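Structure file work-v2.cif; described as mmCIF, C-alpha atoms and all ligand atoms.
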```
data_start
loop_
_atom_site.label_atom_id
_atom_site.label_comp_id
_atom_site.auth_asym_id
_atom_site.auth_seq_id
_atom_site.Cartn_x
_atom_site.Cartn_y
_atom_site.Cartn_z
CA MET A 1 27.60 108.76 111.68
CA ALA A 2 29.28 111.63 113.51
CA VAL A 3 25.89 112.65 114.87
CA LEU A 4 25.28 109.13 116.11
CA ALA A 5 28.71 109.02 117.76
CA ALA A 6 28.06 112.36 119.42
CA ALA A 7 24.68 111.13 120.62
CA VAL A 8 26.30 108.05 122.13
CA VAL A 9 28.88 110.20 123.92
CA ILE A 10 26.22 112.54 125.26
CA PHE A 11 24.12 109.58 126.39
CA ARG A 12 27.10 108.12 128.24
CA LEU A 13 27.93 111.42 129.90
CA THR A 14 24.38 112.12 131.04
CA GLY A 15 24.03 108.48 132.05
CA ARG A 16 26.92 108.95 134.43
CA ILE A 17 25.83 112.36 135.66
CA GLY A 18 22.32 111.02 136.09
CA GLN A 19 23.52 108.82 138.97
CA ASP A 20 24.06 111.87 141.07
CA VAL A 21 20.90 113.91 140.55
CA GLY A 22 17.90 114.34 142.81
CA PRO A 23 17.44 113.29 146.44
CA ASP A 24 15.45 110.14 145.71
CA ASP A 25 17.11 108.63 142.69
CA ARG A 26 16.22 105.12 141.62
CA PHE A 27 18.96 102.67 140.80
CA VAL A 28 19.53 99.00 140.18
CA VAL A 29 22.14 97.05 142.14
CA VAL A 30 24.27 95.05 139.71
CA ARG A 31 26.94 93.70 142.09
CA VAL A 32 27.44 93.26 145.82
CA ILE A 33 31.04 93.93 146.79
CA ASP A 34 30.86 93.15 150.50
CA GLY A 35 28.43 93.47 153.39
CA ASP A 36 28.15 97.25 153.14
CA THR A 37 29.08 98.16 149.55
CA VAL A 38 27.29 97.64 146.22
CA GLU A 39 27.79 98.61 142.61
CA LEU A 40 24.96 100.36 140.82
CA LYS A 41 24.00 100.18 137.17
CA GLY A 42 26.21 102.74 135.45
CA GLY A 43 29.26 101.88 137.54
CA ASP A 44 28.81 103.98 140.65
CA ILE A 45 29.81 102.39 143.95
CA LEU A 46 27.54 102.93 146.95
CA ARG A 47 28.81 102.58 150.51
CA LEU A 48 25.97 102.18 152.99
CA LEU A 49 25.95 105.14 155.34
CA ALA A 50 26.46 104.58 159.08
CA VAL A 51 26.99 100.82 158.74
CA ASP A 52 30.22 98.85 158.94
CA ALA A 53 29.95 95.19 157.95
CA PRO A 54 32.54 92.60 159.03
CA GLU A 55 35.88 92.68 157.20
CA LYS A 56 37.03 89.75 155.09
CA ASP A 57 38.72 87.76 157.87
CA ASP A 58 36.10 88.53 160.50
CA PRO A 59 33.22 86.25 161.54
CA TYR A 60 30.03 86.80 159.58
CA TYR A 61 31.74 88.42 156.59
CA GLU A 62 30.17 85.93 154.16
CA GLU A 63 26.79 86.00 155.88
CA ALA A 64 26.71 89.80 155.66
CA ARG A 65 27.58 89.72 151.98
CA GLU A 66 24.98 87.06 151.26
CA PHE A 67 22.34 88.99 153.16
CA LEU A 68 23.00 92.16 151.18
CA THR A 69 23.00 90.15 147.95
CA ALA A 70 19.65 88.51 148.70
CA MET A 71 18.17 91.85 149.64
CA THR A 72 19.40 94.03 146.79
CA LEU A 73 20.97 92.27 143.81
CA GLY A 74 19.12 92.99 140.58
CA LYS A 75 16.50 95.03 142.39
CA PRO A 76 15.42 98.60 141.89
CA VAL A 77 16.54 100.59 144.91
CA ARG A 78 16.25 104.12 146.18
CA ILE A 79 18.94 106.16 147.90
CA THR A 80 18.70 109.05 150.31
CA TYR A 81 21.73 110.97 151.43
CA GLY A 82 22.83 112.38 154.74
CA GLY A 83 24.73 115.49 153.86
CA GLY A 84 27.67 114.84 151.54
CA ARG A 85 26.77 112.62 148.61
CA ARG A 86 30.18 111.03 148.26
CA ASP A 87 32.96 109.93 150.55
CA ARG A 88 36.62 110.77 150.06
CA TYR A 89 37.03 107.75 147.76
CA GLY A 90 34.37 109.10 145.40
CA ARG A 91 31.81 106.49 146.42
CA LEU A 92 28.19 107.44 146.94
CA LEU A 93 27.33 107.35 150.63
CA GLY A 94 23.69 106.90 151.58
CA PHE A 95 20.73 105.05 152.97
CA LEU A 96 19.55 102.33 150.60
CA TYR A 97 15.89 101.35 150.31
CA VAL A 98 14.25 98.34 148.69
CA ASP A 99 10.56 99.22 148.50
CA ASP A 100 10.05 100.76 151.94
CA THR A 101 12.67 98.75 153.79
CA MET A 102 15.88 100.54 154.70
CA VAL A 103 18.69 98.10 153.99
CA ASN A 104 21.12 99.84 156.40
CA GLN A 105 18.70 99.21 159.26
CA ALA A 106 17.94 95.62 158.19
CA ILE A 107 21.66 94.81 158.31
CA LEU A 108 21.92 96.07 161.90
CA ALA A 109 18.65 94.39 162.93
CA ASN A 110 20.06 91.06 161.76
CA GLY A 111 23.40 91.53 163.47
CA LEU A 112 25.34 91.62 160.20
CA GLY A 113 27.17 94.89 160.74
CA TYR A 114 27.90 97.61 163.26
CA LEU A 115 26.41 101.06 163.50
CA TYR A 116 29.23 103.30 162.28
CA LEU A 117 29.03 106.86 163.48
CA PHE A 118 31.05 109.97 162.73
CA ARG A 119 30.57 113.47 163.99
CA GLU A 120 29.09 114.28 160.55
CA ASN A 121 26.35 111.63 160.64
CA THR A 122 25.31 111.37 164.32
CA GLY A 123 22.71 114.12 163.94
CA LEU A 124 20.82 112.47 161.06
CA PRO A 125 17.18 111.54 161.80
CA GLU A 126 17.78 107.96 160.62
CA ILE A 127 20.38 107.23 163.32
CA ALA A 128 17.94 106.65 166.22
CA GLY A 129 16.22 103.84 164.30
CA LEU A 130 19.56 102.31 163.39
CA LEU A 131 20.70 102.30 167.01
CA THR A 132 17.42 100.73 168.15
CA ALA A 133 17.84 97.98 165.53
CA GLN A 134 21.38 97.32 166.73
CA LYS A 135 20.34 97.20 170.39
CA GLU A 136 17.65 94.64 169.56
CA ALA A 137 20.16 92.51 167.65
CA ILE A 138 22.55 92.65 170.62
CA ALA A 139 19.80 91.77 173.11
CA SER A 140 18.63 88.81 171.01
CA GLY A 141 22.12 87.61 170.11
CA ARG A 142 21.47 87.79 166.37
CA GLY A 143 24.17 87.28 163.73
CA LEU A 144 27.62 88.39 164.80
CA TRP A 145 26.35 89.01 168.32
CA ALA A 146 26.24 85.23 168.73
CA ALA A 147 29.82 84.72 167.49
CA PRO A 148 32.18 83.41 170.19
CA ARG A 149 34.88 85.92 171.16
CA SER A 150 37.54 86.13 173.81
CA PRO A 151 36.59 89.25 175.70
CA GLU A 152 39.04 91.78 177.13
CA ASP A 153 38.77 92.78 180.79
CA TYR A 154 37.58 96.17 179.58
CA TYR A 155 37.51 98.44 176.53
CA ILE A 156 38.54 102.05 175.98
CA ASN A 157 36.69 104.94 174.37
CA LYS A 158 38.46 108.27 173.97
CA SER A 159 36.43 111.42 174.50
CA GLY A 160 34.82 112.69 171.33
CA SER A 161 35.47 109.44 169.45
CA PHE A 162 32.85 106.97 168.24
CA ARG A 163 35.22 103.97 168.37
CA PHE A 164 36.19 101.64 171.18
CA HIS A 165 39.45 99.76 171.58
CA ARG A 166 41.14 96.86 173.26
CA PRO A 167 43.30 98.10 176.14
CA GLY A 168 46.53 97.44 174.23
CA CYS A 169 45.57 99.09 170.92
CA ARG A 170 48.39 101.15 169.43
CA SER A 171 46.01 103.62 167.81
CA ILE A 172 44.74 104.82 171.19
CA GLY A 173 47.79 106.97 171.80
CA GLU A 174 48.46 108.56 175.15
CA LEU A 175 45.79 108.06 177.81
CA ARG A 176 45.68 111.16 179.93
CA PRO A 177 43.23 111.30 182.85
CA GLY A 178 39.89 112.74 181.83
CA THR A 179 40.33 112.03 178.10
CA TYR A 180 38.92 108.52 177.99
CA ARG A 181 36.35 106.15 179.43
CA ILE A 182 36.45 102.50 180.44
CA ILE A 183 33.61 100.38 179.10
CA ALA A 184 33.00 96.90 180.49
CA THR A 185 31.84 94.98 177.41
CA ARG A 186 31.73 95.36 173.62
CA GLU A 187 27.97 94.91 173.73
CA GLU A 188 27.68 97.84 176.08
CA ALA A 189 29.88 99.97 173.82
CA CYS A 190 27.85 99.10 170.71
CA ALA A 191 24.53 99.67 172.48
CA GLU A 192 25.76 103.24 172.99
CA GLY A 193 26.46 103.61 169.28
CA LEU A 194 30.23 103.13 169.44
CA SER A 195 31.84 100.83 166.89
CA PRO A 196 34.93 98.60 167.06
CA CYS A 197 38.29 100.11 166.09
CA ARG A 198 39.48 98.76 162.75
CA ASN A 199 43.01 98.21 164.02
CA CYS A 200 42.53 96.27 167.25
CA ARG A 201 39.16 94.82 166.14
CA PRO A 202 37.70 94.35 169.62
ZN ZN B 301 41.95 100.08 168.55
#
```

Could you write out this structure as structure tokens?
Amino acid sequence: MAVLAAAVVIFRLTGRIGQDVGPDDRFVVVRVIDGDTVELKGGDILRLLAVDAPEKDDPYYEEAREFLTAMTLGKPVRITYGGGRRDRYGRLLGFLYVDDTMVNQAILANGLGYLYLFRENTGLPEIAGLLTAQKEAIASGRGLWAAPRSPEDYYINKSGSFRFHRPGCRSIGELRPGTYRIIATREEACAEGLSPCRNCRP
């Protein structure tokens, strides 16, 4: 009985550790949390790398979640990583594949999320394809790119940052000459690979 109990404990431990081994692990998606986050069999949470899906109160939140559900729920998936395996919340952070289709790219191609860059992930080989997918979605007005919005006169991008803001955003801070750029439209900003600030939500 003790042996059996020990075996169960060891199985559980290795089961959990097993989620984090090898560059091309296979998993099954057991729950879709939102448009860019899923739960894997075994309890690990995966945040899709370089993609930011609409937040709960934003247009296309439900559509993004439903898209990810239809694409991944109950299916065997593969993950590749882009440097660090986990984010600061302990979630796995990676590119998710169903067969040969990269889910991260499919989300952007359908206009159901924004390319989400950081200094740490801009150099990854996958990023060019993601940006191309986003540009095509913008040009064709797919998904959230068709949602009506009241545009600002212009948007602001601070040097070295991958976000853009509404002119009045409080998280911009001081605007000294030479430390920021004016961008005419949100589409233009996103076609460059910038993503909307999470505070002012342009
Ligand atoms: Zn902002």

>> Given the point (29.7, 91.2, 149.4) in the file's coordinates, find the residues that have an atom at most 6 Å from it, counting only C-alpha atoms, and give them as a PyMOL selection string.
In response: chain A and resi 32-35+65

> By how many Å are CA of Leu115 in chain A and CA of Arg186 in chain A apart?
Replying inline: 12.8 Å

>> Here is a test: counting all atoms listed in the file, which residue of A:Tyr154, A:His165, A:Val28, A:Gly129 is nearest to Val98 in chain A?
In response: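 Smallest separation from Val98 in chain A among the options: A:Val28.
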
> Mind listing the residues within 12 Å of ligand ZN 301 (chain B), all atoms listed in the file counted, as a list in words?
Replying inline: Tyr155, Ile156, Asn157, Lys158, Ser161, Phe162, Arg163, Phe164, His165, Arg166, Pro167, Gly168, Cys169, Arg170, Ser171, Ile172, Gly173, Ser195, Pro196, Cys197, Arg198, Asn199, Cys200, Arg201 and Pro202 of chain A

Could the residues of range 116-174 of chain A that have an atom at most 9 Å from range 70-94 of chain A be listed as CSV, each with its closest atom pair and the distance in Å to one decimal, counting all atoms listed in the file and ordered by chain and ascending residue number?
```
residue,atom,partner,partner_atom,distance
A:Glu120,CA,A:Gly83,CA,8.1
A:Asn121,CA,A:Gly82,CA,6.9
A:Leu124,CA,A:Gly82,CA,6.6
A:Glu126,CA,A:Gly82,CA,8.9
```

> Suppose you want the space between CA of Val30 in chain A and CA of Pro59 in chain A; what is it in Å?
Replying inline: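 Atom-to-atom, CA of Val30 in chain A and CA of Pro59 in chain A are spaced 25.2 Å apart.
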
>> Given only C-alpha atoms as the basis, pick out the residue of A:Leu112, A:Ala191, A:Ile138, A:Ile127 nearest to Glu62 in chain A.
In response: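 Using only C-alpha atoms, Glu62 in chain A sits closest to A:Leu112.
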
> From the list A:Ala133, A:Asp58, A:Leu194, A:Tyr114, which residue is nearest Pro148 in chain A when using all atoms listed in the file?
Replying inline: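 Looking at the shortest contact to Pro148 in chain A, the residue is A:Asp58.
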
> Restricting the calculation to all atoms listed in the file, which member of A:Gln134, A:Ser140, A:Thr69, A:Thr185 is positioned closest to Asp52 in chain A?
Replying inline: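 Counting all atoms listed in the file, the residue closest to Asp52 in chain A is A:Gln134.
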
> What does the distance from CA of Leu68 in chain A to CA of Thr37 in chain A come to in Å, to one decimal?
Replying inline: 8.7 Å

>> From the options A:Arg26, A:Thr179, A:Gly123, A:Phe67, which residue's atoms come nearest to Leu108 in chain A, counting all atoms listed in the file?
In response: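 Of the candidates, the smallest distance to Leu108 in chain A is held by A:Phe67.
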
Please supply range 150-177 of chain A, rebuilt with N, CA and C atoms, as a compact mmCIF listing (two decimals), keeping the file's coordinate frame.
```txt
# COMPACT_ATOMS: atom_id res chain seq x y z
N SER A 150 36.86 86.08 172.51
CA SER A 150 37.54 86.13 173.81
C SER A 150 37.54 87.58 174.27
N PRO A 151 36.74 87.86 175.30
CA PRO A 151 36.59 89.25 175.70
C PRO A 151 37.82 89.79 176.44
N GLU A 152 38.03 91.09 176.33
CA GLU A 152 39.04 91.78 177.13
C GLU A 152 38.44 92.05 178.51
N ASP A 153 39.28 92.43 179.45
CA ASP A 153 38.77 92.78 180.79
C ASP A 153 37.93 94.06 180.71
N TYR A 154 38.32 94.92 179.77
CA TYR A 154 37.58 96.17 179.58
C TYR A 154 37.95 96.75 178.22
N TYR A 155 37.25 97.78 177.81
CA TYR A 155 37.51 98.44 176.53
C TYR A 155 37.66 99.95 176.78
N ILE A 156 38.25 100.62 175.80
CA ILE A 156 38.54 102.05 175.98
C ILE A 156 37.88 102.88 174.89
N ASN A 157 37.25 103.97 175.31
CA ASN A 157 36.69 104.94 174.37
C ASN A 157 37.26 106.31 174.72
N LYS A 158 37.90 106.94 173.72
CA LYS A 158 38.46 108.27 173.97
C LYS A 158 37.39 109.33 173.76
N SER A 159 37.45 110.37 174.55
CA SER A 159 36.43 111.42 174.50
C SER A 159 36.31 111.98 173.09
N GLY A 160 35.08 112.12 172.64
CA GLY A 160 34.82 112.69 171.33
C GLY A 160 34.94 111.69 170.19
N SER A 161 35.33 110.45 170.50
CA SER A 161 35.47 109.44 169.45
C SER A 161 34.29 108.48 169.48
N PHE A 162 33.96 107.93 168.33
CA PHE A 162 32.85 106.97 168.24
C PHE A 162 33.36 105.54 168.11
N ARG A 163 34.64 105.32 168.42
CA ARG A 163 35.22 103.97 168.37
C ARG A 163 35.56 103.50 169.78
N PHE A 164 35.65 102.17 169.93
CA PHE A 164 36.19 101.64 171.18
C PHE A 164 37.30 100.66 170.85
N HIS A 165 38.20 100.49 171.82
CA HIS A 165 39.45 99.76 171.58
C HIS A 165 39.69 98.70 172.63
N ARG A 166 40.54 97.74 172.26
CA ARG A 166 41.14 96.86 173.26
C ARG A 166 42.13 97.70 174.06
N PRO A 167 42.39 97.30 175.31
CA PRO A 167 43.30 98.10 176.14
C PRO A 167 44.68 98.30 175.51
N GLY A 168 45.17 97.33 174.76
CA GLY A 168 46.53 97.44 174.23
C GLY A 168 46.63 98.06 172.85
N CYS A 169 45.54 98.61 172.31
CA CYS A 169 45.57 99.09 170.92
C CYS A 169 46.56 100.23 170.72
N ARG A 170 47.37 100.12 169.67
CA ARG A 170 48.39 101.15 169.43
C ARG A 170 47.79 102.43 168.87
N SER A 171 46.57 102.38 168.35
CA SER A 171 46.01 103.62 167.81
C SER A 171 45.31 104.47 168.88
N ILE A 172 45.33 104.01 170.12
CA ILE A 172 44.74 104.82 171.19
C ILE A 172 45.59 106.05 171.48
N GLY A 173 46.89 105.88 171.44
CA GLY A 173 47.79 106.97 171.80
C GLY A 173 47.86 107.13 173.30
N GLU A 174 48.27 108.31 173.72
CA GLU A 174 48.46 108.56 175.15
C GLU A 174 47.11 108.64 175.86
N LEU A 175 47.03 108.01 177.03
CA LEU A 175 45.79 108.06 177.81
C LEU A 175 45.97 108.98 179.01
N ARG A 176 45.60 110.21 178.82
CA ARG A 176 45.68 111.16 179.93
C ARG A 176 44.38 111.12 180.72
N PRO A 177 44.45 111.32 182.04
CA PRO A 177 43.23 111.30 182.85
C PRO A 177 42.20 112.28 182.31
```
